[in-house]
Each structure stands twice: as C-alpha cells, then as structure tokens.
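*Asks:* Could you have a look at this structure, given as structure tokens, before my questions?
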Amino acid sequence: MLYLVEHFYSIQGEGKYTGTPSLFFRFGGCNMKCEGFGCHEKADDGVEVVGCDTVYAVNKEHFAHSWIPITDTNQLLNILELYELPNAVDIVLTGGEPLIYAEDAIFVAFLEALIVRGHQITFETNGSLAIDFDKFPLYKKCIFALSVKLSNSKESLSKRVKGDVIYTIGSRAKDAFFKFSIDAESIDLGLEDEISSIVMHSPKTKVYCMPVGGNKEEVEKNSEPLIEFCKSKGYNFSDRLHIRIWDANKGV
C-alpha cells in the first residue's frame, strides 16, 4: 500500500536547489529509524517517538493512522489542481523514504504523468535502496538528493551505506548530489573520513552539508561550526531555510 503523509507548496529549503519553488509530496514509511538525530514527536496515543525531524512520516506504528492510503494515481495528480502553480513547477518527493515505493505501479504511473507534464522531479532519499534504471528508465530523468546517513544517525554501516546503489544513482540519474546532516558534536569525531568513504562511491557528485535540527534553535546552534567544517574541507554548506524561516512548523 502506498501512503501519503502530506503535501504542500513551498520553496526547497535544502541542498543544491535551495530557494526553488517546489510542490512537496511526503510519503509514509522508511527503512531506517535514525534515532541518533534525537528529534522528538508526540503521537496521538501519548507516546513520544525519537528519530529524524520527520519521524511522523517514518514511524508506522504510532503515526500511520493519519497517513492517507493511495489507491489510484489520480489521487496524487489531483493534488496539483489544489494549488495555483506556475507551469511545470518542480516536484519534490520526500518522506520517510519515497523509494520504498519505487516499483509500486501507482507510484510509477504518477511519475510518468509528471514527466509528461514537464515537471522536474527530485527524490530526497537515504540512498540505500536500489533502483532498476533499466526496468524503469523514467528514473534516469529524475534528480536525487542523496542524504546518505552517517554514524550520528545510529544506524549500522551495512544498512545505511550501499556503495553499489550510490554509484548507480550517481552515474545514471539526470542529476544527483550528496546531502549530509551534521551536528556540532559530531564534527570532531572522524566525519571527514566517514564522508570521504561514502563520496568515493560517486566521486564526481557534489557534497552539501546541512545542520541537524528539528527547530530553528537547533539549526542555528549547529550552523556556525558546520560552516567552518565546510570551509576547511571544501564542501558546500546547505542551510535548512524552511526551518530557519518557519521554525518547527510542518507543511512548509
């Protein structure tokens, strides 16, 4: 079953395309928990769940009751009509992890329809799930923000870093870039070697580093040390513009 958590029209707040007007579709479900990021979200049943800043789109046990089951491609396409959009606005597919649906028939038909309409599609993915570019050539026309998880996510190395997947996406997609989430405390804990070991799988792919944080205060706390880190290593600093502007609000 395909699940949609939310949709909203905003600007891209992270990575290479920061500032670009984009229509976001956030899908439910993920193959990771990333409890190391330490963001807290209280579920309707009173349980406080720890994970990334979109844990409400990750944790099926406590949040799936609010997710929208998608049984027809038109349910997704009709959402475009709810907004006054410029022609062929960028579409960002995020989560959770949207590529858990990469071979779902409804999901694939949705992507095909978007491409026919002239939309640029960006996936925000953890880069651990393989894509069959031969069976589904439409993915060659998409952009991939590879948010490969570092050890500060507290996910195991074997689960979060798949060199063959990273190489395939980096070499076969229309465009791809790395986007790492880093907090101030982790900067001195060997991150340079860790990032280098990931980037080596797709060395021509640009690197963006963004501050960990589920709210404005946390993002600001982690930004200045991260900027210095990026300056020393030659990486691109990526702000989290949507959080800096709208704080912890959803749907932005």
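Lettering and numbering for the structure tokens are positional, with chains as A, B, ... in the shown order, residues counted from 1 in each chain, and ligands counted from 1 in the shown order.
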Got a sec: who's within 8 Å of A:Leu241, counting only C-alpha atoms, leaving out chain neighbours fewer than 5 positions off, as a ChimeraX atom specification?
*Replies:* /A:12-14,18
*Asks:* Using only C-alpha atoms, tabulate the residues of stretch 170-245 of chain A lying at most 6 Å from any atom of stretch 139-162 of chain A, each with its closest atom pair and that distance in Å to one decimal, by chain and increasing residue number, as JSON lines.
*Replies:*
{"residue": "A:Arg172", "atom": "CA", "partner": "A:Lys140", "partner_atom": "CA", "distance": 5.9}
{"residue": "A:Ala173", "atom": "CA", "partner": "A:Lys140", "partner_atom": "CA", "distance": 4.4}
{"residue": "A:Lys174", "atom": "CA", "partner": "A:Lys141", "partner_atom": "CA", "distance": 5.1}
{"residue": "A:Asp175", "atom": "CA", "partner": "A:Ile143", "partner_atom": "CA", "distance": 4.7}
{"residue": "A:Ala176", "atom": "CA", "partner": "A:Phe144", "partner_atom": "CA", "distance": 4.6}
{"residue": "A:Phe177", "atom": "CA", "partner": "A:Ala145", "partner_atom": "CA", "distance": 5.3}
{"residue": "A:Phe178", "atom": "CA", "partner": "A:Leu146", "partner_atom": "CA", "distance": 4.6}
{"residue": "A:Lys179", "atom": "CA", "partner": "A:Ser147", "partner_atom": "CA", "distance": 4.6}
{"residue": "A:Phe180", "atom": "CA", "partner": "A:Ser147", "partner_atom": "CA", "distance": 5.5}
*Asks:* Any chance you can output those residues with C-alpha atoms as a compact mmCIF listing (two decimals), in the first residue's frame?
*Replies:*
# COMPACT_ATOMS: atom_id res chain seq x y z
CA ARG A 172 22.62 7.02 -14.19
CA ALA A 173 20.34 9.75 -12.85
CA LYS A 174 19.78 13.10 -14.56
CA ASP A 175 21.50 14.75 -11.59
CA ALA A 176 22.49 13.78 -8.05
CA PHE A 177 24.16 15.38 -5.05
CA PHE A 178 25.10 14.28 -1.55
CA LYS A 179 23.34 15.94 1.39
CA PHE A 180 24.68 15.07 4.84
*Asks:* If DSSP is run on the backbone, what residues of stretch 128-229 of chain A are helix (DSSP H, G or I)? A reply as a PyMOL selection string would be ideal.
*Replies:* chain A and resi 137-141+151-153+157-160+163-172+184-186+191-199+216-229
*Asks:* Quick one: residues within 9 Å of A:Ile227, only C-alpha atoms, excluding same-chain residues fewer than 2 positions away - as an mmCIF file with N, CA, C and O atoms, in the first residue's frame?
*Replies:*
data_model
loop_
_atom_site.group_PDB
_atom_site.id
_atom_site.type_symbol
_atom_site.label_atom_id
_atom_site.label_comp_id
_atom_site.auth_asym_id
_atom_site.auth_seq_id
_atom_site.Cartn_x
_atom_site.Cartn_y
_atom_site.Cartn_z
ATOM 1 N N CYS A 209 26.561 19.862 3.039
ATOM 2 C CA CYS A 209 26.417 19.517 4.451
ATOM 3 C C CYS A 209 25.432 20.473 5.097
ATOM 4 O O CYS A 209 25.550 21.685 4.941
ATOM 5 N N MET A 210 24.464 19.919 5.832
ATOM 6 C CA MET A 210 23.454 20.767 6.459
ATOM 7 C C MET A 210 23.361 20.471 7.948
ATOM 8 O O MET A 210 23.626 19.354 8.397
ATOM 9 N N ASN A 222 23.953 24.528 15.338
ATOM 10 C CA ASN A 222 24.853 23.659 14.580
ATOM 11 C C ASN A 222 25.427 24.303 13.324
ATOM 12 O O ASN A 222 26.353 23.754 12.719
ATOM 13 N N SER A 223 24.899 25.465 12.932
ATOM 14 C CA SER A 223 25.280 26.052 11.646
ATOM 15 C C SER A 223 26.718 26.581 11.610
ATOM 16 O O SER A 223 27.482 26.258 10.697
ATOM 17 N N GLU A 224 27.091 27.418 12.585
ATOM 18 C CA GLU A 224 28.406 28.051 12.510
ATOM 19 C C GLU A 224 29.555 27.045 12.562
ATOM 20 O O GLU A 224 30.482 27.136 11.744
ATOM 21 N N PRO A 225 29.532 26.063 13.472
ATOM 22 C CA PRO A 225 30.601 25.048 13.432
ATOM 23 C C PRO A 225 30.632 24.281 12.115
ATOM 24 O O PRO A 225 31.702 23.941 11.615
ATOM 25 N N PHE A 229 33.572 23.804 9.230
ATOM 26 C CA PHE A 229 33.930 22.471 8.737
ATOM 27 C C PHE A 229 33.909 22.442 7.207
ATOM 28 O O PHE A 229 34.838 21.936 6.570
ATOM 29 N N CYS A 230 32.866 22.995 6.610
ATOM 30 C CA CYS A 230 32.749 23.020 5.144
ATOM 31 C C CYS A 230 33.881 23.843 4.529
ATOM 32 O O CYS A 230 34.451 23.448 3.497
ATOM 33 N N LYS A 231 34.221 24.954 5.148
ATOM 34 C CA LYS A 231 35.316 25.794 4.642
ATOM 35 C C LYS A 231 36.639 25.037 4.661
ATOM 36 O O LYS A 231 37.451 25.152 3.733
ATOM 37 N N SER A 232 36.843 24.248 5.698
ATOM 38 C CA SER A 232 38.113 23.529 5.822
ATOM 39 C C SER A 232 38.220 22.347 4.871
ATOM 40 O O SER A 232 39.319 21.959 4.469
ATOM 41 N N ASN A 236 30.128 22.120 0.289
ATOM 42 C CA ASN A 236 29.111 23.162 0.214
ATOM 43 C C ASN A 236 28.262 23.134 1.478
ATOM 44 O O ASN A 236 27.789 22.071 1.897
ATOM 45 N N PHE A 237 28.068 24.289 2.095
ATOM 46 C CA PHE A 237 27.153 24.384 3.231
ATOM 47 C C PHE A 237 25.733 24.537 2.715
ATOM 48 O O PHE A 237 25.458 25.361 1.846
ATOM 49 N N SER A 238 24.826 23.731 3.233
ATOM 50 C CA SER A 238 23.410 23.860 2.905
ATOM 51 C C SER A 238 22.647 24.293 4.142
ATOM 52 O O SER A 238 22.644 23.583 5.155
#
*Asks:* Taking into account only C-alpha atoms, which residue in the set A:Tyr3, A:Phe37, A:Tyr9, A:Phe27 is nearest to A:Thr125?
*Replies:*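 The closest residue to A:Thr125 is A:Phe27.
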*Asks:* Pick from A:Cys39, A:Val116, A:Val212, A:Ile245: nearest to A:Leu138, with only C-alpha atoms counted?
*Replies:*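 Nearest candidate to A:Leu138 out of A:Cys39, A:Val116, A:Val212, A:Ile245: A:Val116.
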*Asks:* Would you please work out which residue, of A:Pro86, A:Gly38, A:Gly15, A:Gly251, is nearest to A:Val207 when using only C-alpha atoms?
*Replies:*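 Checking each of A:Pro86, A:Gly38, A:Gly15, A:Gly251 against A:Val207, counting only C-alpha atoms, the winner is A:Gly15.
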